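Worksheet: one structure, shown below.
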Amino acid sequence: MSQGKTGPVVGQRTIGGYLLSLLAWVVGLLFFFPVFWMVLSGFKTEPDANGPPKMFFEPTTEQFSEVTSATSGLLSAGQAFANSFWAVSVSTIAVMILAIPAAYSLSIKPIGKWKDVLFFFISTKFLPIVAAILPLWIIAKELGWLNTRIVLMVLYTAMNLPLAIWMLRSFFAEVPKELIEAAQIDGAKLWGQITSVILPIVAPGIAATALLCVIFAWNEFFLAVQLSPSSGGATVPIWVTGNVTSRGNFLAKLSAASTLATLPVIIAGWLAQKRMIRGLAMGAIK
Amino acid sequence: MAEVRFEAASRIYPGSETPAVDELNLDIADGELLVLVGPSGSGKSTALRMLAGLEFIDKGSVYINDKDVTLSPPQDRDIAMVFQNYALYPQMTVASNMGFALKQAGVPKDERRKRVEEAARILDLEPYLDRKPKNLSGGQRQRVAMGRAIVRSPQVFLMDEPLSNLDAKLRVQTRTELADLQARLGVTTVYVTHDQVEAMTMGHRVAVLDHGKLQQVARPRDLYSKPMNRFVAGFIGSPAMNIIDVERHDGVLQLAGQPVPVEMSTADALASTDGSSFGLGVRPEHLALIGDGGSGIAGEVTVVEELGSEAFVHVATEHQGERLTLVVRDEGETSTQRGDNVQVGFNGPTHIFGPDGERVGS
Ligand SMILES: Nc1ncnc2c1ncn2[C@@H]1O[C@H](COP(=O)(O)OP(=O)(O)OP(=O)(O)O)[C@@H](O)[C@H]1O
Ligand SMILES: [Mg+2]
């Protein structure tokens with residue numbers, strides 16, 4: 001009797017557990033499927049890609065060589081990747097250089113009315129970017145920045161800065177106050193406190209924030225296509241759409257180009273993950 | 001080596017009316033271990049942090065070695081502090097934690113290593129020098145925090161309840177080690193605790209705080225035998241002193257109908273004090289159960305706390321028409337039992353406190 005009573009309880013728990021992990025897998029795969037299908041289609045021929053969905057086919061790298069080969073007059077892959085690389089890395093570095101001191105002064109040594117300041121930082125994000133594009137275009141034209149990398153470096157910095165400050169602020173706020181006090185008593189000046197104590201603790205947060213900035217800037221399309229559509233400053237998303245043609249099939253080519261476009265983001269994610277080891281602050285207090 | 005002096009130093013936290021530390025006057029001698037003790041919220045940590053430079057001093061001043069440091073940042077005070085939660089740098093090894101202050105001071109690497117190793121030897125931390133704090137036990141972390149303080153040979157050690165995260169047994173052991181270490185190093189130390197046993201066993205002198213005000217500062221035995229007010233009398237000693245409101249009839253204080261004996265000097269002071277209501281304090285060991293035939297305060301035993309070497313007997317009696325429980329020390333392995341009818345007599349000094357709570361007489 002007692003076995004009959006306890007048996008189902010344990011069994012139900014296990015079944016529930018299995019169901020939950022199954023659900024997690026299903027949802028996870030659902031999210032991954034479009035990416036998987038994109039990569040798969042990149043290795044197909046155009047007829048295979050445009051025909052009825054096929055799991056098994058003869059893989060080819062034909063599309064990859066086609067999208068990367070330079071065609072005169074058109075934006076080359078190399079140029080697009082170079083433009084993107086510069087716009088993304090310069091803007092991300094600029095964001096971090098500006099956001100780290102801002103986060104410090106909004107959390108560890110809060111300035112007066114820091115909550116208002118924080119709100120002002122995010123308020124530009126309320127503005128629909130479509131409303132701002134015409135003034136931006138005029139300013140860029142006046143400065144001679146249309147179709148340059150510079151316009152994107154500046155705008156991507158401005159675009160990501162509020163988010164970075166918000167994220168970093170909450171990471172900085174988690175640094176135990178006693179650690180900074182201990183560093184002060186140990187004779188560390190502001191610079192020593194920041195470099196030796198605070199930054200190592202918030203490093204995972206900085207990595208996560210930088211990764212998001214990279215992803216957002218890398219995939220940004222609207223500003224790029226409006227302000228910098230030709231080869232002087234055109235970025236990878238513009239190059240990807242360049243493979244959409246009005247005549248003939250392009251699904252396989254588009255997939256190949258998109259696959260290439262995601263590679264740098266995956267590499268950035270992998271690099272950031274190495275720094276995002278959790279529990280670094282453990283053992284500091286208590 | 002250093003002397004420390006608080007001169008009417010106050011801290012009023014923003015948004016608060018009452019000072020967390022109220023006009024603190026305190027002189028700490030070179031090499032002394034002074035313990036700040038008081039109940040939770042009495043301002044002990046605040047006073048310590050004022051000395052550390054972590055808390056702004058709203059009024060008054062603080063001196064280290066006759067140098068006014070009231071406005072100096074912590075970096076310029078040459079002090080070391082052990083935090084209650086240790087505050088070890090998580091990303092650094094034990095050795096780097098201990099050497100951090102020396103590195104900030106620009107001490108060369110070789111010298112730094114030598115001093116860290118020396119401190120590690122004193123504290124038995126040698127096997128752990130390459131570990132991170134998260135891989136240490138609570139007791140080891142506590143020692144690293146100590147080590148971080150001693151490698152610097154600072155002017156003053158500040159410790160804020162450094163033992164409160166240890167288990168009872170380790171706490172008692174570490175308490176002795178710490179007192180011994182302090183005596184050997186001879187560094188002036190201010191030690192904060194809310195545990196009066198820790199205060200009494202460790203302190204050369206003990207300063208009692210309540211509501212931000214200094215109540216008394218004295219050697220432990222003087223604090224115990226001559227508490228200057230009712231608060232100190234009740235706070236110091238375990239089990240606590242019996243403190244009872246008594247009335248004066250015909251010049252004699254009465255407890256449950258019995259006359260209260262007072263010392264000669266107290267009697268003189270009492271005679272020249274007006275009023276009829278006083279506070280009587282008497283420690284459990286200064287009361288005794290007296291056998292049949294004696295004349296004492298009659299009562300009934302309600303609780304017997306047997307501790308082996310001694311026992312504390314709670315005796316319920318009637319005083320001024322209300323029930324009153326007296327705690328009386330008795331021999332260990334006492335034959336007294338709950339329900340016994342006993343007589344309680346005075347067996348040692350009593351303490352008398354005036355209506356303002358201050359001690360009457362010396
Ligand atoms: N940062 C602060 N802002 C406002 N009030 C504070 C602050 N820190 C402490 N207080 C108040 O000041 C008083 C003294 O606090 P303090 O921390 O010095 O007490 P304590 O004696 O160390 O107590 P405990 O034994 O609980 O640590 C308390 O009433 C507390 O609420
Ligand atoms: Mg405290």
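Each chain of the structure tokens is named A, B, ... in the order shown, its residues numbered from 1; ligands are numbered from 1 in display order.
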For Ile290 in chain B: contacts at 12 Å, only C-alpha atoms, fewer than 3 positions along chain excluded, given as a list in words =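 Once the adjacent positions are removed, what remains is Leu287, Gly293, Gly294, Ser295, Gly296, Ile297, Ala298, Gly299, Val328, Arg329, Asp330, Thr336, Asn341, Val342, Gln343, Val344, Gly345, Phe346 and Asn347 of chain B.
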Just N, CA, C and O atoms for this one: save the residues we selected as a tab-separated table (two decimals), in the first residue's frame.
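File result_5.tsv, as written:
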```
chain	number	residue	atom	x	y	z
B	287	LEU	N	23.70	38.12	45.83
B	287	LEU	CA	22.53	37.66	46.56
B	287	LEU	C	22.80	36.20	46.90
B	287	LEU	O	23.55	35.53	46.20
B	293	GLY	N	15.52	29.64	59.05
B	293	GLY	CA	15.82	30.38	60.26
B	293	GLY	C	16.40	31.75	59.97
B	293	GLY	O	16.30	32.65	60.79
B	294	GLY	N	17.02	31.92	58.78
B	294	GLY	CA	17.53	33.25	58.44
B	294	GLY	C	16.38	34.17	58.13
B	294	GLY	O	15.25	33.72	57.86
B	295	SER	N	16.63	35.46	58.16
B	295	SER	CA	15.55	36.36	57.81
B	295	SER	C	15.95	37.12	56.55
B	295	SER	O	16.87	37.91	56.55
B	296	GLY	N	15.30	36.81	55.47
B	296	GLY	CA	15.59	37.46	54.20
B	296	GLY	C	14.31	37.75	53.49
B	296	GLY	O	13.23	37.83	54.09
B	297	ILE	N	14.42	37.89	52.18
B	297	ILE	CA	13.25	38.14	51.36
B	297	ILE	C	12.65	36.78	51.02
B	297	ILE	O	13.33	35.94	50.41
B	298	ALA	N	11.42	36.56	51.42
B	298	ALA	CA	10.81	35.25	51.18
B	298	ALA	C	10.31	35.17	49.74
B	298	ALA	O	9.80	36.13	49.19
B	299	GLY	N	10.50	34.02	49.13
B	299	GLY	CA	10.02	33.86	47.77
B	299	GLY	C	9.96	32.41	47.37
B	299	GLY	O	10.34	31.52	48.14
B	328	VAL	N	19.42	34.77	41.51
B	328	VAL	CA	20.37	34.56	42.60
B	328	VAL	C	21.37	33.49	42.18
B	328	VAL	O	20.99	32.45	41.64
B	329	ARG	N	22.65	33.76	42.41
B	329	ARG	CA	23.65	32.74	42.08
B	329	ARG	C	23.71	31.73	43.22
B	329	ARG	O	23.70	32.10	44.39
B	330	ASP	N	23.81	30.46	42.85
B	330	ASP	CA	23.91	29.40	43.84
B	330	ASP	C	25.04	28.49	43.43
B	330	ASP	O	25.56	28.58	42.31
B	336	THR	N	18.52	22.97	45.27
B	336	THR	CA	17.32	23.79	45.16
B	336	THR	C	16.50	23.37	43.94
B	336	THR	O	17.05	23.05	42.89
B	341	ASN	N	10.32	26.96	48.70
B	341	ASN	CA	10.20	28.27	49.35
B	341	ASN	C	11.53	28.62	49.97
B	341	ASN	O	12.08	27.83	50.73
B	342	VAL	N	12.07	29.77	49.59
B	342	VAL	CA	13.41	30.12	50.04
B	342	VAL	C	13.44	31.53	50.58
B	342	VAL	O	12.49	32.30	50.44
B	343	GLN	N	14.57	31.86	51.19
B	343	GLN	CA	14.83	33.20	51.67
B	343	GLN	C	16.05	33.72	50.94
B	343	GLN	O	17.03	33.01	50.76
B	344	VAL	N	15.98	34.98	50.47
B	344	VAL	CA	17.12	35.57	49.75
B	344	VAL	C	17.72	36.66	50.60
B	344	VAL	O	17.01	37.53	51.13
B	345	GLY	N	19.05	36.62	50.76
B	345	GLY	CA	19.72	37.65	51.53
B	345	GLY	C	20.80	38.33	50.72
B	345	GLY	O	21.27	37.81	49.71
B	346	PHE	N	21.19	39.53	51.18
B	346	PHE	CA	22.27	40.26	50.50
B	346	PHE	C	23.61	39.70	50.93
B	346	PHE	O	23.82	39.35	52.09
B	347	ASN	N	24.55	39.65	49.98
B	347	ASN	CA	25.79	38.94	50.21
B	347	ASN	C	26.96	39.71	49.61
B	347	ASN	O	28.02	39.17	49.39
```
Please run DSSP on the backbone and report, as a compact mmCIF listing (two decimals) with N, CA and C atoms, in the first residue's frame, all residues within range 22-219 of chain B that come out as alpha helix (DSSP H).
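As a result, selection16.txt now contains:
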```txt
# COMPACT_ATOMS: atom_id res chain seq x y z
N LYS B 44 27.91 52.28 17.27
CA LYS B 44 29.28 51.76 17.34
C LYS B 44 29.97 51.81 15.99
N SER B 45 29.30 51.23 14.98
CA SER B 45 29.91 51.21 13.65
C SER B 45 30.12 52.63 13.14
N THR B 46 29.15 53.49 13.40
CA THR B 46 29.27 54.86 12.93
C THR B 46 30.50 55.52 13.54
N ALA B 47 30.70 55.33 14.85
CA ALA B 47 31.87 55.93 15.50
C ALA B 47 33.15 55.41 14.88
N LEU B 48 33.20 54.11 14.61
CA LEU B 48 34.39 53.51 14.02
C LEU B 48 34.63 54.06 12.62
N ARG B 49 33.55 54.19 11.87
CA ARG B 49 33.68 54.67 10.49
C ARG B 49 34.07 56.16 10.45
N MET B 50 33.71 56.90 11.51
CA MET B 50 34.15 58.29 11.59
C MET B 50 35.67 58.33 11.76
N LEU B 51 36.18 57.40 12.55
CA LEU B 51 37.63 57.35 12.75
C LEU B 51 38.33 56.88 11.47
N ALA B 52 37.64 56.01 10.71
CA ALA B 52 38.24 55.49 9.48
C ALA B 52 38.22 56.52 8.36
N VAL B 94 44.79 35.20 -1.96
CA VAL B 94 45.03 35.60 -0.58
C VAL B 94 46.26 36.49 -0.49
N ALA B 95 47.32 36.09 -1.20
CA ALA B 95 48.56 36.88 -1.15
C ALA B 95 48.33 38.29 -1.71
N SER B 96 47.61 38.40 -2.82
CA SER B 96 47.39 39.74 -3.38
C SER B 96 46.47 40.55 -2.51
N ASN B 97 45.49 39.89 -1.88
CA ASN B 97 44.62 40.60 -0.96
C ASN B 97 45.44 41.24 0.15
N MET B 98 46.36 40.42 0.70
CA MET B 98 47.15 40.92 1.83
C MET B 98 48.16 41.96 1.37
N GLY B 99 48.64 41.83 0.14
CA GLY B 99 49.67 42.77 -0.32
C GLY B 99 49.12 44.01 -1.01
N PHE B 100 47.78 44.08 -1.14
CA PHE B 100 47.18 45.16 -1.93
C PHE B 100 47.56 46.55 -1.41
N ALA B 101 47.46 46.72 -0.10
CA ALA B 101 47.75 48.04 0.47
C ALA B 101 49.21 48.41 0.25
N LEU B 102 50.10 47.42 0.38
CA LEU B 102 51.52 47.70 0.18
C LEU B 102 51.78 48.10 -1.26
N LYS B 103 51.07 47.41 -2.19
CA LYS B 103 51.23 47.73 -3.60
C LYS B 103 50.78 49.17 -3.87
N GLN B 104 49.65 49.55 -3.26
CA GLN B 104 49.17 50.92 -3.44
C GLN B 104 50.17 51.92 -2.90
N LYS B 109 58.27 44.82 -4.90
CA LYS B 109 57.70 43.48 -4.92
C LYS B 109 58.34 42.53 -3.90
N ASP B 110 59.66 42.54 -3.83
CA ASP B 110 60.35 41.60 -2.93
C ASP B 110 59.95 41.83 -1.48
N GLU B 111 60.00 43.09 -1.11
CA GLU B 111 59.65 43.50 0.24
C GLU B 111 58.20 43.11 0.55
N ARG B 112 57.35 43.33 -0.47
CA ARG B 112 55.94 43.02 -0.32
C ARG B 112 55.76 41.54 -0.01
N ARG B 113 56.45 40.70 -0.81
CA ARG B 113 56.30 39.26 -0.62
C ARG B 113 56.79 38.86 0.76
N LYS B 114 57.88 39.47 1.18
CA LYS B 114 58.44 39.13 2.49
C LYS B 114 57.42 39.43 3.59
N ARG B 115 56.83 40.61 3.50
CA ARG B 115 55.90 41.00 4.58
C ARG B 115 54.62 40.18 4.55
N VAL B 116 54.15 39.86 3.35
CA VAL B 116 52.95 39.02 3.25
C VAL B 116 53.24 37.64 3.83
N GLU B 117 54.41 37.09 3.51
CA GLU B 117 54.74 35.75 4.02
C GLU B 117 54.86 35.76 5.54
N GLU B 118 55.41 36.85 6.06
CA GLU B 118 55.54 36.95 7.51
C GLU B 118 54.17 36.97 8.18
N ALA B 119 53.28 37.79 7.63
CA ALA B 119 51.93 37.87 8.20
C ALA B 119 51.22 36.53 8.05
N ALA B 120 51.44 35.86 6.91
CA ALA B 120 50.80 34.57 6.69
C ALA B 120 51.30 33.56 7.71
N ARG B 121 52.57 33.67 8.08
CA ARG B 121 53.10 32.73 9.08
C ARG B 121 52.44 32.98 10.43
N ILE B 122 52.35 34.24 10.80
CA ILE B 122 51.72 34.58 12.09
C ILE B 122 50.30 34.03 12.16
N GLY B 138 35.08 30.12 6.44
CA GLY B 138 34.79 31.39 7.11
C GLY B 138 35.93 31.82 8.03
N GLY B 139 36.46 30.88 8.79
CA GLY B 139 37.54 31.20 9.71
C GLY B 139 38.80 31.65 8.97
N GLN B 140 39.07 30.97 7.83
CA GLN B 140 40.25 31.35 7.05
C GLN B 140 40.07 32.74 6.44
N ARG B 141 38.86 33.02 5.97
CA ARG B 141 38.61 34.36 5.42
C ARG B 141 38.83 35.42 6.48
N GLN B 142 38.36 35.11 7.69
CA GLN B 142 38.53 36.06 8.79
C GLN B 142 40.02 36.33 9.00
N ARG B 143 40.83 35.27 8.91
CA ARG B 143 42.27 35.46 9.13
C ARG B 143 42.91 36.24 7.99
N VAL B 144 42.40 36.02 6.77
CA VAL B 144 42.94 36.81 5.65
C VAL B 144 42.64 38.30 5.88
N ALA B 145 41.42 38.57 6.34
CA ALA B 145 41.05 39.96 6.61
C ALA B 145 41.97 40.55 7.68
N MET B 146 42.29 39.75 8.69
CA MET B 146 43.25 40.18 9.71
C MET B 146 44.61 40.41 9.08
N GLY B 147 45.01 39.46 8.24
CA GLY B 147 46.33 39.55 7.60
C GLY B 147 46.45 40.80 6.76
N ARG B 148 45.37 41.13 6.06
CA ARG B 148 45.39 42.32 5.23
C ARG B 148 45.65 43.56 6.11
N ALA B 149 45.14 43.51 7.35
CA ALA B 149 45.35 44.64 8.24
C ALA B 149 46.78 44.66 8.80
N ILE B 150 47.29 43.48 9.18
CA ILE B 150 48.58 43.53 9.90
C ILE B 150 49.78 43.71 8.99
N ALA B 168 30.28 29.62 17.41
CA ALA B 168 30.55 29.97 18.80
C ALA B 168 31.94 29.53 19.27
N LYS B 169 32.32 28.31 18.93
CA LYS B 169 33.57 27.77 19.44
C LYS B 169 34.76 28.51 18.83
N LEU B 170 34.71 28.66 17.52
CA LEU B 170 35.79 29.35 16.81
C LEU B 170 35.89 30.80 17.27
N ARG B 171 34.76 31.37 17.61
CA ARG B 171 34.72 32.76 18.04
C ARG B 171 35.51 32.94 19.33
N VAL B 172 35.29 32.01 20.27
CA VAL B 172 35.98 32.11 21.55
C VAL B 172 37.48 31.93 21.35
N GLN B 173 37.85 30.95 20.51
CA GLN B 173 39.26 30.69 20.25
C GLN B 173 39.91 31.89 19.56
N THR B 174 39.24 32.41 18.53
CA THR B 174 39.82 33.51 17.76
C THR B 174 39.93 34.77 18.60
N ARG B 175 38.98 34.95 19.50
CA ARG B 175 38.98 36.10 20.39
C ARG B 175 40.28 36.14 21.20
N THR B 176 40.67 34.99 21.74
CA THR B 176 41.91 34.93 22.52
C THR B 176 43.11 35.21 21.63
N GLU B 177 43.13 34.56 20.45
CA GLU B 177 44.25 34.75 19.53
C GLU B 177 44.39 36.21 19.13
N LEU B 178 43.25 36.83 18.90
CA LEU B 178 43.25 38.21 18.46
C LEU B 178 43.79 39.15 19.53
N ALA B 179 43.36 38.91 20.77
CA ALA B 179 43.83 39.74 21.88
C ALA B 179 45.34 39.57 22.04
N ASP B 180 45.79 38.32 21.90
CA ASP B 180 47.21 38.03 22.03
C ASP B 180 48.00 38.71 20.92
N LEU B 181 47.49 38.60 19.69
CA LEU B 181 48.16 39.21 18.54
C LEU B 181 48.26 40.73 18.72
N GLN B 182 47.18 41.32 19.19
CA GLN B 182 47.17 42.77 19.39
C GLN B 182 48.22 43.16 20.44
N ALA B 183 48.32 42.37 21.50
CA ALA B 183 49.28 42.69 22.55
C ALA B 183 50.71 42.57 22.01
N ARG B 184 50.95 41.54 21.18
CA ARG B 184 52.30 41.36 20.63
C ARG B 184 52.67 42.49 19.68
N LEU B 185 51.70 42.87 18.83
CA LEU B 185 52.01 43.91 17.84
C LEU B 185 52.01 45.29 18.47
N GLN B 196 28.85 41.65 25.04
CA GLN B 196 29.52 42.20 26.20
C GLN B 196 30.58 41.26 26.76
N VAL B 197 30.42 39.95 26.52
CA VAL B 197 31.46 39.03 26.99
C VAL B 197 32.75 39.28 26.21
N GLU B 198 32.62 39.43 24.88
CA GLU B 198 33.77 39.75 24.05
C GLU B 198 34.42 41.05 24.53
N ALA B 199 33.58 42.03 24.83
CA ALA B 199 34.09 43.33 25.27
C ALA B 199 34.88 43.18 26.56
N MET B 200 34.31 42.46 27.52
CA MET B 200 34.94 42.34 28.84
C MET B 200 36.22 41.53 28.76
N THR B 201 36.25 40.47 27.92
CA THR B 201 37.42 39.61 27.90
C THR B 201 38.56 40.23 27.08
N MET B 202 38.24 41.04 26.10
CA MET B 202 39.30 41.53 25.21
C MET B 202 39.80 42.92 25.55
```
query = Mind checking DSSP for range 6-232 of chain B and telling me the strand (DSSP E) residues as a ChimeraX atom specification?
reply = /B:6-11,21-28,33-37,59-64,67-68,79-82,156-160,188-193,205-210,213-218
File dump, residues just selected, C-alpha atoms, as a compact mmCIF listing (two decimals), in the first residue's frame:
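File written: result-v7.txt
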```
# COMPACT_ATOMS: atom_id res chain seq x y z
CA PHE B 6 37.53 62.02 19.62
CA GLU B 7 36.57 65.56 20.60
CA ALA B 8 32.81 66.11 20.80
CA ALA B 9 32.52 64.28 17.49
CA SER B 10 28.98 63.92 16.12
CA ARG B 11 27.47 62.26 13.09
CA VAL B 21 26.89 59.48 17.36
CA ASP B 22 26.35 62.34 19.78
CA GLU B 23 29.30 64.47 20.94
CA LEU B 24 31.63 61.57 21.52
CA ASN B 25 34.64 62.33 23.71
CA LEU B 26 37.17 59.54 23.90
CA ASP B 27 40.91 59.29 24.48
CA ILE B 28 42.61 56.11 23.37
CA LEU B 33 42.77 47.83 22.81
CA LEU B 34 39.60 49.81 23.31
CA VAL B 35 36.31 48.03 22.83
CA LEU B 36 33.19 49.92 21.76
CA VAL B 37 30.16 48.02 22.94
CA LYS B 59 30.54 68.36 14.42
CA GLY B 60 33.65 68.09 16.54
CA SER B 61 36.96 66.57 15.52
CA VAL B 62 39.01 63.41 15.47
CA TYR B 63 42.75 63.28 16.06
CA ILE B 64 45.28 60.58 15.33
CA LYS B 67 46.99 65.42 14.00
CA ASP B 68 43.52 66.64 13.16
CA ILE B 79 44.66 52.93 9.46
CA ALA B 80 43.62 49.36 8.69
CA MET B 81 40.14 47.99 9.08
CA VAL B 82 38.65 44.54 9.41
CA VAL B 156 45.52 52.08 14.22
CA PHE B 157 43.53 48.86 13.73
CA LEU B 158 39.79 49.21 13.39
CA MET B 159 37.64 46.12 13.72
CA ASP B 160 33.89 46.03 13.27
CA THR B 188 46.38 50.84 19.01
CA THR B 189 43.09 49.08 18.29
CA VAL B 190 39.46 50.07 18.32
CA TYR B 191 37.25 47.01 18.40
CA VAL B 192 33.48 47.10 17.93
CA THR B 193 31.20 44.40 19.25
CA ARG B 205 39.15 49.51 28.44
CA VAL B 206 35.55 49.29 27.33
CA ALA B 207 33.41 52.17 26.11
CA VAL B 208 29.67 51.61 26.38
CA LEU B 209 27.44 53.42 23.88
CA ASP B 210 23.69 53.78 23.88
CA LYS B 213 25.91 58.66 23.59
CA LEU B 214 28.93 57.46 25.51
CA GLN B 215 27.66 56.00 28.79
CA GLN B 216 30.89 55.05 30.47
CA VAL B 217 34.44 54.16 29.56
CA ALA B 218 36.44 52.15 32.07
```
request  = Identify, on the basis of only C-alpha atoms, every residue whose closest approach to range 155-163 of chain A does not exceed 7 Å; exclude the query and any residue fewer than 3 positions from it along the same chain; express the result as a VMD selection string.
outcome  = chain A and resid 91 to 92 94 to 95 99 121 to 122 151 to 152 166 to 167 213 217
Ser277 in chain B surroundings by only C-alpha atoms, 7 Å radius, close-in-sequence under 6 positions cut, as a PyMOL selection string = chain B and resi 245-248+355
inquiry  = Taking only C-alpha atoms into account, find every residue of chain B that has an atom no more than 6 Å from chain A, and write it out as a list of chain:residue names.
reply    = B:Pro74, B:Gln75, B:Asn85, B:Tyr86, B:Ala87, B:Leu88, B:Tyr89, B:Pro90, B:Ala101, B:Gln104, B:Pro133, B:Lys134
ask   = Once you count only C-alpha atoms and all ligand atoms, which residues end up within 6 Å of ligand 1, and could you hand them over as a PyMOL selection string?
value = chain B and resi 13+20+39-46+194
key: Exercise: Phe172 in chain A partners within 7 Å, only C-alpha atoms, chain neighbours under 5 positions left out, as a list in words   =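 Close residues of Phe172 in chain A: Ala103, Tyr104, Ser107, Ile108 and Val202 of chain A.
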Store the residues of this selection in a file with all heavy atoms, as a PDB file, in the first residue's frame.
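Done, and the output landed in out32.pdb:
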```pdb
ATOM      1  N   ALA A 103      28.292  55.186 -15.594  1.00  0.00           N
ATOM      2  CA  ALA A 103      27.699  54.196 -14.691  1.00  0.00           C
ATOM      3  C   ALA A 103      28.274  54.356 -13.291  1.00  0.00           C
ATOM      4  O   ALA A 103      27.557  54.243 -12.297  1.00  0.00           O
ATOM      5  CB  ALA A 103      27.962  52.788 -15.209  1.00  0.00           C
ATOM      6  N   TYR A 104      29.569  54.625 -13.206  1.00  0.00           N
ATOM      7  CA  TYR A 104      30.193  54.827 -11.888  1.00  0.00           C
ATOM      8  C   TYR A 104      29.518  55.971 -11.156  1.00  0.00           C
ATOM      9  O   TYR A 104      29.142  55.853  -9.996  1.00  0.00           O
ATOM     10  CB  TYR A 104      31.680  55.107 -12.067  1.00  0.00           C
ATOM     11  CG  TYR A 104      32.408  55.417 -10.780  1.00  0.00           C
ATOM     12  CD1 TYR A 104      32.983  54.396 -10.034  1.00  0.00           C
ATOM     13  CD2 TYR A 104      32.507  56.723 -10.303  1.00  0.00           C
ATOM     14  CE1 TYR A 104      33.640  54.674  -8.848  1.00  0.00           C
ATOM     15  CE2 TYR A 104      33.159  57.006  -9.113  1.00  0.00           C
ATOM     16  CZ  TYR A 104      33.728  55.979  -8.394  1.00  0.00           C
ATOM     17  OH  TYR A 104      34.370  56.255  -7.211  1.00  0.00           O
ATOM     18  N   SER A 107      26.007  55.136  -9.816  1.00  0.00           N
ATOM     19  CA  SER A 107      25.749  54.049  -8.877  1.00  0.00           C
ATOM     20  C   SER A 107      26.659  54.123  -7.671  1.00  0.00           C
ATOM     21  O   SER A 107      26.199  54.227  -6.548  1.00  0.00           O
ATOM     22  CB  SER A 107      25.902  52.706  -9.578  1.00  0.00           C
ATOM     23  OG  SER A 107      27.176  52.612 -10.166  1.00  0.00           O
ATOM     24  N   ILE A 108      27.970  54.078  -7.889  1.00  0.00           N
ATOM     25  CA  ILE A 108      28.868  53.952  -6.743  1.00  0.00           C
ATOM     26  C   ILE A 108      28.985  55.261  -5.984  1.00  0.00           C
ATOM     27  O   ILE A 108      28.894  55.293  -4.765  1.00  0.00           O
ATOM     28  CB  ILE A 108      30.226  53.424  -7.214  1.00  0.00           C
ATOM     29  CG1 ILE A 108      30.046  51.945  -7.585  1.00  0.00           C
ATOM     30  CG2 ILE A 108      31.276  53.568  -6.132  1.00  0.00           C
ATOM     31  CD1 ILE A 108      31.201  51.319  -8.264  1.00  0.00           C
ATOM     32  N   VAL A 202      33.037  43.873 -12.219  1.00  0.00           N
ATOM     33  CA  VAL A 202      31.957  44.094 -13.184  1.00  0.00           C
ATOM     34  C   VAL A 202      32.332  43.613 -14.587  1.00  0.00           C
ATOM     35  O   VAL A 202      31.541  43.777 -15.513  1.00  0.00           O
ATOM     36  CB  VAL A 202      31.508  45.582 -13.234  1.00  0.00           C
ATOM     37  CG1 VAL A 202      30.891  46.003 -11.927  1.00  0.00           C
ATOM     38  CG2 VAL A 202      32.659  46.484 -13.586  1.00  0.00           C
TER      39      VAL A 202
END
```
key: Selection: 9 Å around Ser230 in chain A, only C-alpha atoms, excl. self and same-chain fewer than 5 positions, as a PyMOL selection string   = chain A and resi 74-75+147-148+225+235+238
query = Between CA of Glu300 in chain B and CA of Arg338 in chain B, what is the distance, to one decimal in Å?
reply =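 One can read the CA of Glu300 in chain B to CA of Arg338 in chain B distance as 7.8 Å.
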query = Between A:Ser228, A:Phe120, A:Leu254, A:Ala77, which has the minimum distance to Thr241 in chain A (counting only C-alpha atoms)?
reply =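 Result for the nearest residue to Thr241 in chain A: A:Leu254.
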Within 12 Å of Leu134 in chain A using only C-alpha atoms, minus same-chain residues under 6 positions, as a count of residues only = 6
query = Please, what distance in Å, to one decimal, runs between CA of Gly78 in chain A and CA of Leu212 in chain A?
reply =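 Answer for the CA of Gly78 in chain A to CA of Leu212 in chain A separation: 23.7 Å.
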